[in-house]
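A.B. asks: Next comes the structure file data-v1.txt, holding compact mmCIF, N, CA, C and O atoms.
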```
# COMPACT_ATOMS: atom_id res chain seq x y z
N MET A 1 22.89 -29.32 41.60
CA MET A 1 21.61 -28.66 41.63
C MET A 1 21.75 -27.15 41.48
O MET A 1 20.88 -26.52 40.94
N ALA A 2 22.84 -26.64 41.93
CA ALA A 2 23.06 -25.21 41.82
C ALA A 2 23.09 -24.81 40.35
O ALA A 2 22.67 -23.74 39.99
N PHE A 3 23.62 -25.71 39.51
CA PHE A 3 23.70 -25.40 38.08
C PHE A 3 22.31 -25.26 37.47
O PHE A 3 22.05 -24.37 36.67
N LYS A 4 21.39 -26.16 37.84
CA LYS A 4 20.02 -26.08 37.34
C LYS A 4 19.36 -24.79 37.77
O LYS A 4 18.66 -24.15 36.99
N THR A 5 19.56 -24.40 38.99
CA THR A 5 18.98 -23.17 39.49
C THR A 5 19.53 -21.97 38.75
O THR A 5 18.79 -21.07 38.36
N GLU A 6 20.84 -21.97 38.49
CA GLU A 6 21.45 -20.87 37.76
C GLU A 6 20.90 -20.80 36.33
O GLU A 6 20.65 -19.72 35.80
N GLY A 7 20.70 -21.94 35.73
CA GLY A 7 20.13 -21.98 34.37
C GLY A 7 18.71 -21.46 34.35
O GLY A 7 18.31 -20.74 33.44
N THR A 8 17.94 -21.81 35.36
CA THR A 8 16.56 -21.34 35.46
C THR A 8 16.54 -19.84 35.68
O THR A 8 15.76 -19.11 35.06
N VAL A 9 17.38 -19.37 36.58
CA VAL A 9 17.47 -17.93 36.85
C VAL A 9 17.90 -17.20 35.58
O VAL A 9 17.36 -16.14 35.23
N ALA A 10 18.85 -17.74 34.85
CA ALA A 10 19.31 -17.12 33.61
C ALA A 10 18.19 -17.09 32.57
O ALA A 10 18.00 -16.08 31.88
N ALA A 11 17.42 -18.17 32.49
CA ALA A 11 16.31 -18.23 31.54
C ALA A 11 15.24 -17.21 31.92
O ALA A 11 14.68 -16.52 31.06
N ILE A 12 14.95 -17.12 33.22
CA ILE A 12 13.94 -16.16 33.68
C ILE A 12 14.43 -14.74 33.45
O ILE A 12 13.66 -13.87 33.01
N SER A 13 15.67 -14.46 33.71
CA SER A 13 16.19 -13.11 33.51
C SER A 13 16.27 -12.76 32.03
O SER A 13 16.30 -11.59 31.66
N ASP A 14 16.28 -13.76 31.16
CA ASP A 14 16.33 -13.52 29.73
C ASP A 14 14.95 -13.19 29.15
O ASP A 14 14.86 -12.62 28.05
N ILE A 15 13.88 -13.49 29.87
CA ILE A 15 12.52 -13.24 29.38
C ILE A 15 12.28 -11.76 29.07
O ILE A 15 11.78 -11.44 27.99
N PRO A 16 12.60 -10.84 29.96
CA PRO A 16 12.38 -9.42 29.61
C PRO A 16 13.14 -9.00 28.36
O PRO A 16 12.62 -8.23 27.55
N ARG A 17 14.34 -9.51 28.17
CA ARG A 17 15.12 -9.18 26.98
C ARG A 17 14.42 -9.71 25.72
O ARG A 17 14.34 -9.03 24.71
N GLN A 18 13.89 -10.92 25.80
CA GLN A 18 13.17 -11.50 24.66
C GLN A 18 11.92 -10.68 24.34
O GLN A 18 11.61 -10.42 23.18
N ILE A 19 11.22 -10.30 25.40
CA ILE A 19 10.01 -9.50 25.21
C ILE A 19 10.36 -8.17 24.54
O ILE A 19 9.70 -7.73 23.60
N LEU A 20 11.42 -7.52 25.04
CA LEU A 20 11.83 -6.25 24.45
C LEU A 20 12.30 -6.41 23.01
O LEU A 20 12.09 -5.52 22.18
N ASN A 21 12.87 -7.55 22.68
CA ASN A 21 13.29 -7.79 21.30
C ASN A 21 12.10 -8.01 20.37
O ASN A 21 12.13 -7.60 19.21
N GLU A 22 11.07 -8.67 20.87
CA GLU A 22 9.90 -9.00 20.04
C GLU A 22 8.86 -7.88 20.03
O GLU A 22 8.06 -7.79 19.10
N LEU A 23 8.87 -7.03 21.03
CA LEU A 23 7.83 -6.01 21.18
C LEU A 23 7.72 -5.05 20.00
O LEU A 23 6.61 -4.82 19.51
N PRO A 24 8.80 -4.50 19.49
CA PRO A 24 8.65 -3.56 18.36
C PRO A 24 7.98 -4.18 17.15
O PRO A 24 7.12 -3.55 16.53
N GLY A 25 8.32 -5.39 16.82
CA GLY A 25 7.69 -6.06 15.68
C GLY A 25 6.21 -6.30 15.90
O GLY A 25 5.39 -6.11 15.00
N LYS A 26 5.86 -6.72 17.10
CA LYS A 26 4.45 -6.97 17.42
C LYS A 26 3.66 -5.66 17.41
O LYS A 26 2.52 -5.62 16.93
N LEU A 27 4.26 -4.61 17.95
CA LEU A 27 3.58 -3.30 17.92
C LEU A 27 3.40 -2.81 16.50
O LEU A 27 2.35 -2.26 16.15
N GLU A 28 4.41 -2.98 15.67
CA GLU A 28 4.31 -2.56 14.27
C GLU A 28 3.20 -3.32 13.56
O GLU A 28 2.44 -2.74 12.79
N ASN A 29 3.08 -4.62 13.81
CA ASN A 29 2.00 -5.41 13.21
C ASN A 29 0.64 -4.92 13.68
O ASN A 29 -0.30 -4.82 12.89
N ALA A 30 0.54 -4.62 14.96
CA ALA A 30 -0.74 -4.14 15.50
C ALA A 30 -1.10 -2.79 14.89
O ALA A 30 -2.24 -2.56 14.48
N VAL A 31 -0.14 -1.88 14.84
CA VAL A 31 -0.39 -0.56 14.27
C VAL A 31 -0.73 -0.68 12.78
O VAL A 31 -1.62 0.01 12.28
N SER A 32 -0.07 -1.57 12.09
CA SER A 32 -0.36 -1.78 10.67
C SER A 32 -1.79 -2.28 10.48
O SER A 32 -2.50 -1.82 9.58
N GLY A 33 -2.22 -3.19 11.34
CA GLY A 33 -3.60 -3.68 11.27
C GLY A 33 -4.60 -2.58 11.55
O GLY A 33 -5.64 -2.48 10.88
N ILE A 34 -4.30 -1.74 12.51
CA ILE A 34 -5.20 -0.61 12.83
C ILE A 34 -5.24 0.35 11.65
O ILE A 34 -6.31 0.85 11.28
N ARG A 35 -4.09 0.61 11.04
CA ARG A 35 -4.03 1.52 9.88
C ARG A 35 -4.90 0.99 8.75
O ARG A 35 -5.65 1.74 8.13
N VAL A 36 -4.83 -0.29 8.48
CA VAL A 36 -5.64 -0.90 7.41
C VAL A 36 -7.14 -0.75 7.74
O VAL A 36 -7.93 -0.39 6.86
N ALA A 37 -7.50 -0.99 8.99
CA ALA A 37 -8.91 -0.86 9.39
C ALA A 37 -9.39 0.58 9.23
O ALA A 37 -10.51 0.83 8.75
N VAL A 38 -8.57 1.54 9.61
CA VAL A 38 -8.96 2.95 9.49
C VAL A 38 -9.08 3.34 8.02
O VAL A 38 -10.04 4.02 7.63
N GLU A 39 -8.13 2.91 7.19
CA GLU A 39 -8.20 3.24 5.77
C GLU A 39 -9.42 2.60 5.11
O GLU A 39 -10.07 3.23 4.26
N THR A 40 -9.74 1.38 5.48
CA THR A 40 -10.92 0.71 4.94
C THR A 40 -12.19 1.44 5.34
O THR A 40 -13.10 1.66 4.53
N THR A 41 -12.25 1.85 6.61
CA THR A 41 -13.41 2.59 7.10
C THR A 41 -13.54 3.94 6.40
O THR A 41 -14.64 4.35 6.02
N LEU A 42 -12.42 4.61 6.19
CA LEU A 42 -12.43 5.90 5.50
C LEU A 42 -12.92 5.74 4.07
O LEU A 42 -13.76 6.52 3.60
N THR A 43 -12.45 4.72 3.38
CA THR A 43 -12.89 4.47 2.01
C THR A 43 -14.40 4.19 1.96
O THR A 43 -15.11 4.71 1.09
N ALA A 44 -14.87 3.39 2.89
CA ALA A 44 -16.31 3.09 2.94
C ALA A 44 -17.11 4.35 3.23
O ALA A 44 -18.18 4.56 2.62
N ALA A 45 -16.62 5.20 4.11
CA ALA A 45 -17.32 6.45 4.42
C ALA A 45 -17.36 7.37 3.20
O ALA A 45 -18.38 8.01 2.92
N GLN A 46 -16.25 7.45 2.47
CA GLN A 46 -16.22 8.28 1.27
C GLN A 46 -17.16 7.74 0.20
O GLN A 46 -17.87 8.51 -0.46
N ASN A 47 -17.22 6.43 0.05
CA ASN A 47 -18.14 5.83 -0.92
C ASN A 47 -19.59 6.10 -0.52
O ASN A 47 -20.43 6.39 -1.38
N ALA A 48 -19.89 6.02 0.75
CA ALA A 48 -21.24 6.29 1.23
C ALA A 48 -21.60 7.76 0.99
O ALA A 48 -22.72 8.07 0.59
N ARG A 49 -20.63 8.66 1.23
CA ARG A 49 -20.87 10.08 0.99
C ARG A 49 -21.16 10.34 -0.48
O ARG A 49 -22.10 11.06 -0.83
N ASP A 50 -20.38 9.74 -1.37
CA ASP A 50 -20.57 9.93 -2.80
C ASP A 50 -21.92 9.38 -3.25
O ASP A 50 -22.63 10.01 -4.04
N SER A 51 -22.28 8.22 -2.74
CA SER A 51 -23.57 7.62 -3.07
C SER A 51 -24.72 8.50 -2.57
O SER A 51 -25.71 8.69 -3.26
N SER A 52 -24.56 9.02 -1.38
CA SER A 52 -25.58 9.89 -0.81
C SER A 52 -25.74 11.16 -1.64
O SER A 52 -26.87 11.62 -1.88
N ALA A 53 -24.64 11.73 -2.08
CA ALA A 53 -24.70 12.94 -2.90
C ALA A 53 -25.41 12.65 -4.23
O ALA A 53 -26.23 13.45 -4.68
N ALA A 54 -25.10 11.51 -4.84
CA ALA A 54 -25.75 11.15 -6.10
C ALA A 54 -27.25 10.94 -5.90
O ALA A 54 -28.07 11.39 -6.70
N THR A 55 -27.61 10.28 -4.81
CA THR A 55 -29.02 10.06 -4.51
C THR A 55 -29.74 11.38 -4.26
O THR A 55 -30.86 11.60 -4.73
N HIS A 56 -29.08 12.28 -3.54
CA HIS A 56 -29.67 13.60 -3.27
C HIS A 56 -29.92 14.35 -4.58
O HIS A 56 -30.97 14.96 -4.75
N THR A 57 -28.98 14.27 -5.51
CA THR A 57 -29.14 14.94 -6.81
C THR A 57 -30.33 14.35 -7.56
O THR A 57 -31.13 15.09 -8.14
N ARG A 58 -30.46 13.03 -7.52
CA ARG A 58 -31.59 12.39 -8.21
C ARG A 58 -32.92 12.78 -7.58
O ARG A 58 -33.90 13.05 -8.28
N VAL A 59 -32.95 12.81 -6.27
CA VAL A 59 -34.20 13.18 -5.57
C VAL A 59 -34.56 14.63 -5.89
O VAL A 59 -35.73 14.95 -6.12
N ASP A 60 -33.58 15.52 -5.94
CA ASP A 60 -33.85 16.92 -6.30
C ASP A 60 -34.42 17.01 -7.71
O ASP A 60 -35.36 17.78 -7.95
N ALA A 61 -33.87 16.23 -8.64
CA ALA A 61 -34.36 16.25 -10.02
C ALA A 61 -35.80 15.75 -10.08
O ALA A 61 -36.64 16.33 -10.78
N ILE A 62 -36.10 14.70 -9.35
CA ILE A 62 -37.47 14.16 -9.32
C ILE A 62 -38.41 15.18 -8.70
O ILE A 62 -39.53 15.40 -9.19
N HIS A 63 -37.97 15.83 -7.64
CA HIS A 63 -38.79 16.84 -6.97
C HIS A 63 -39.10 18.00 -7.92
O HIS A 63 -40.24 18.47 -8.00
N THR A 64 -38.10 18.44 -8.66
CA THR A 64 -38.29 19.52 -9.62
C THR A 64 -39.28 19.11 -10.70
O THR A 64 -40.17 19.89 -11.08
N GLU A 65 -39.16 17.89 -11.18
CA GLU A 65 -40.09 17.38 -12.20
C GLU A 65 -41.51 17.31 -11.66
O GLU A 65 -42.47 17.68 -12.34
N LEU A 66 -41.65 16.84 -10.44
CA LEU A 66 -43.00 16.76 -9.83
C LEU A 66 -43.61 18.15 -9.66
O LEU A 66 -44.81 18.34 -9.87
N GLN A 67 -42.80 19.13 -9.27
CA GLN A 67 -43.31 20.49 -9.13
C GLN A 67 -43.77 21.03 -10.49
O GLN A 67 -44.82 21.68 -10.59
N ALA A 68 -42.99 20.75 -11.54
CA ALA A 68 -43.37 21.19 -12.88
C ALA A 68 -44.68 20.54 -13.31
O ALA A 68 -45.56 21.20 -13.89
N LEU A 69 -44.82 19.25 -13.05
CA LEU A 69 -46.07 18.55 -13.39
C LEU A 69 -47.25 19.12 -12.60
O LEU A 69 -48.33 19.31 -13.14
N ARG A 70 -47.03 19.38 -11.32
CA ARG A 70 -48.10 19.96 -10.50
C ARG A 70 -48.52 21.32 -11.06
O ARG A 70 -49.71 21.62 -11.18
N ASN A 71 -47.55 22.15 -11.42
CA ASN A 71 -47.87 23.48 -11.97
C ASN A 71 -48.61 23.33 -13.29
O ASN A 71 -49.56 24.09 -13.56
N ASP A 72 -48.21 22.37 -14.11
CA ASP A 72 -48.88 22.14 -15.39
C ASP A 72 -50.33 21.71 -15.16
O ASP A 72 -51.24 22.22 -15.82
N VAL A 73 -50.54 20.80 -14.23
CA VAL A 73 -51.90 20.34 -13.93
C VAL A 73 -52.72 21.50 -13.38
O VAL A 73 -53.89 21.69 -13.74
N HIS A 74 -52.11 22.30 -12.53
CA HIS A 74 -52.83 23.45 -11.95
C HIS A 74 -53.22 24.44 -13.04
O HIS A 74 -54.35 24.95 -13.05
N LEU A 75 -52.30 24.72 -13.98
CA LEU A 75 -52.62 25.64 -15.07
C LEU A 75 -53.73 25.09 -15.95
O LEU A 75 -54.63 25.81 -16.37
N ARG A 76 -53.67 23.79 -16.25
CA ARG A 76 -54.70 23.19 -17.11
C ARG A 76 -56.06 23.17 -16.42
O ARG A 76 -57.08 23.32 -17.08
N SER A 77 -56.06 22.97 -15.12
CA SER A 77 -57.35 22.92 -14.42
C SER A 77 -57.95 24.31 -14.28
O SER A 77 -59.16 24.45 -14.11
N SER A 78 -57.17 25.36 -14.39
CA SER A 78 -57.71 26.71 -14.26
C SER A 78 -58.10 27.29 -15.62
O SER A 78 -58.71 28.35 -15.69
N GLU A 79 -57.78 26.62 -16.72
CA GLU A 79 -58.18 27.08 -18.06
C GLU A 79 -59.67 26.82 -18.24
O GLU A 79 -60.22 25.84 -17.73
N PRO A 80 -60.34 27.71 -18.96
CA PRO A 80 -61.77 27.47 -19.21
C PRO A 80 -61.94 26.21 -20.07
O PRO A 80 -61.16 25.97 -20.98
N ARG A 81 -62.93 25.45 -19.72
CA ARG A 81 -63.16 24.20 -20.44
C ARG A 81 -64.19 24.41 -21.54
O ARG A 81 -65.14 25.15 -21.38
N MET A 82 -63.98 23.72 -22.61
CA MET A 82 -64.93 23.76 -23.70
C MET A 82 -66.00 22.71 -23.43
O MET A 82 -65.70 21.52 -23.43
N THR A 83 -67.20 23.16 -23.16
CA THR A 83 -68.29 22.21 -22.94
C THR A 83 -69.35 22.43 -24.01
O THR A 83 -69.48 23.51 -24.56
N ALA A 84 -70.09 21.43 -24.26
CA ALA A 84 -71.14 21.53 -25.26
C ALA A 84 -72.28 22.38 -24.71
O ALA A 84 -72.61 22.31 -23.54
N SER A 85 -72.84 23.18 -25.56
CA SER A 85 -73.97 24.02 -25.15
C SER A 85 -75.20 23.13 -24.96
O SER A 85 -75.27 22.02 -25.49
N PRO A 86 -76.17 23.61 -24.23
CA PRO A 86 -77.37 22.78 -24.01
C PRO A 86 -78.06 22.39 -25.32
O PRO A 86 -78.63 21.32 -25.43
N GLN A 87 -77.99 23.23 -26.34
CA GLN A 87 -78.61 22.92 -27.62
C GLN A 87 -77.91 21.73 -28.28
O GLN A 87 -78.56 20.88 -28.84
N VAL A 88 -76.59 21.67 -28.19
CA VAL A 88 -75.86 20.58 -28.80
C VAL A 88 -76.15 19.28 -28.06
O VAL A 88 -76.32 18.24 -28.67
N LYS A 89 -76.30 19.37 -26.74
CA LYS A 89 -76.59 18.18 -25.94
C LYS A 89 -77.98 17.63 -26.30
O LYS A 89 -78.18 16.43 -26.41
N ALA A 90 -78.93 18.52 -26.48
CA ALA A 90 -80.29 18.08 -26.79
C ALA A 90 -80.37 17.47 -28.18
O ALA A 90 -81.13 16.53 -28.40
N ALA A 91 -79.58 17.95 -29.09
CA ALA A 91 -79.63 17.45 -30.46
C ALA A 91 -78.97 16.08 -30.54
O ALA A 91 -79.29 15.30 -31.43
N GLY A 92 -78.04 15.84 -29.65
CA GLY A 92 -77.25 14.62 -29.73
C GLY A 92 -77.96 13.44 -29.28
O GLY A 92 -78.34 12.46 -29.72
```
Show how you would write the structure in this file as structure tokens.
C.D. replies:
Amino acid sequence: MAFKTEGTVAAISDIPRQILNELPGKLENAVSGIRVAVETTLTAAQNARDSSAATHTRVDAIHTELQALRNDVHLRSSEPRMTASPQVKAAG
């Protein structure tokens, strides 16, 4: 029975050594997974930034066009209008 106990004690004492042998690989895998997640998030953030910048440029262009149209309408509405004289209306 002493032999079984010694084998159990040896197996138990070997556990920390096994953990220390496996730990660097497991940590490297975990860090690698975190690195991939961070890089994916960074890429998505950069794509969102680029899309936002393009959208902002388009909105600015539309805004400029609307201002030009508003100014054109304002200028046309302030021009004197050609209306028929009362004599032309009566003859018609």
A.B. asks: In Å to one decimal, how far is atom O of Thr8 in chain A from atom N of Leu20 in chain A?
C.D. replies: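 Computing it gives 15.9 Å between the two atoms.
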A.B. asks: Can you tell me how far CA of Asn21 in chain A sits from atom N of Val38 in chain A, in Å to one decimal?
C.D. replies: 26.5 Å
A.B. asks: Just to confirm, what's the straight-line distance from CA of Arg49 in chain A to atom C of His63 in chain A in Å (one decimal)?
C.D. replies: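 Answer for the CA of Arg49 in chain A to atom C of His63 in chain A separation: 21.8 Å.
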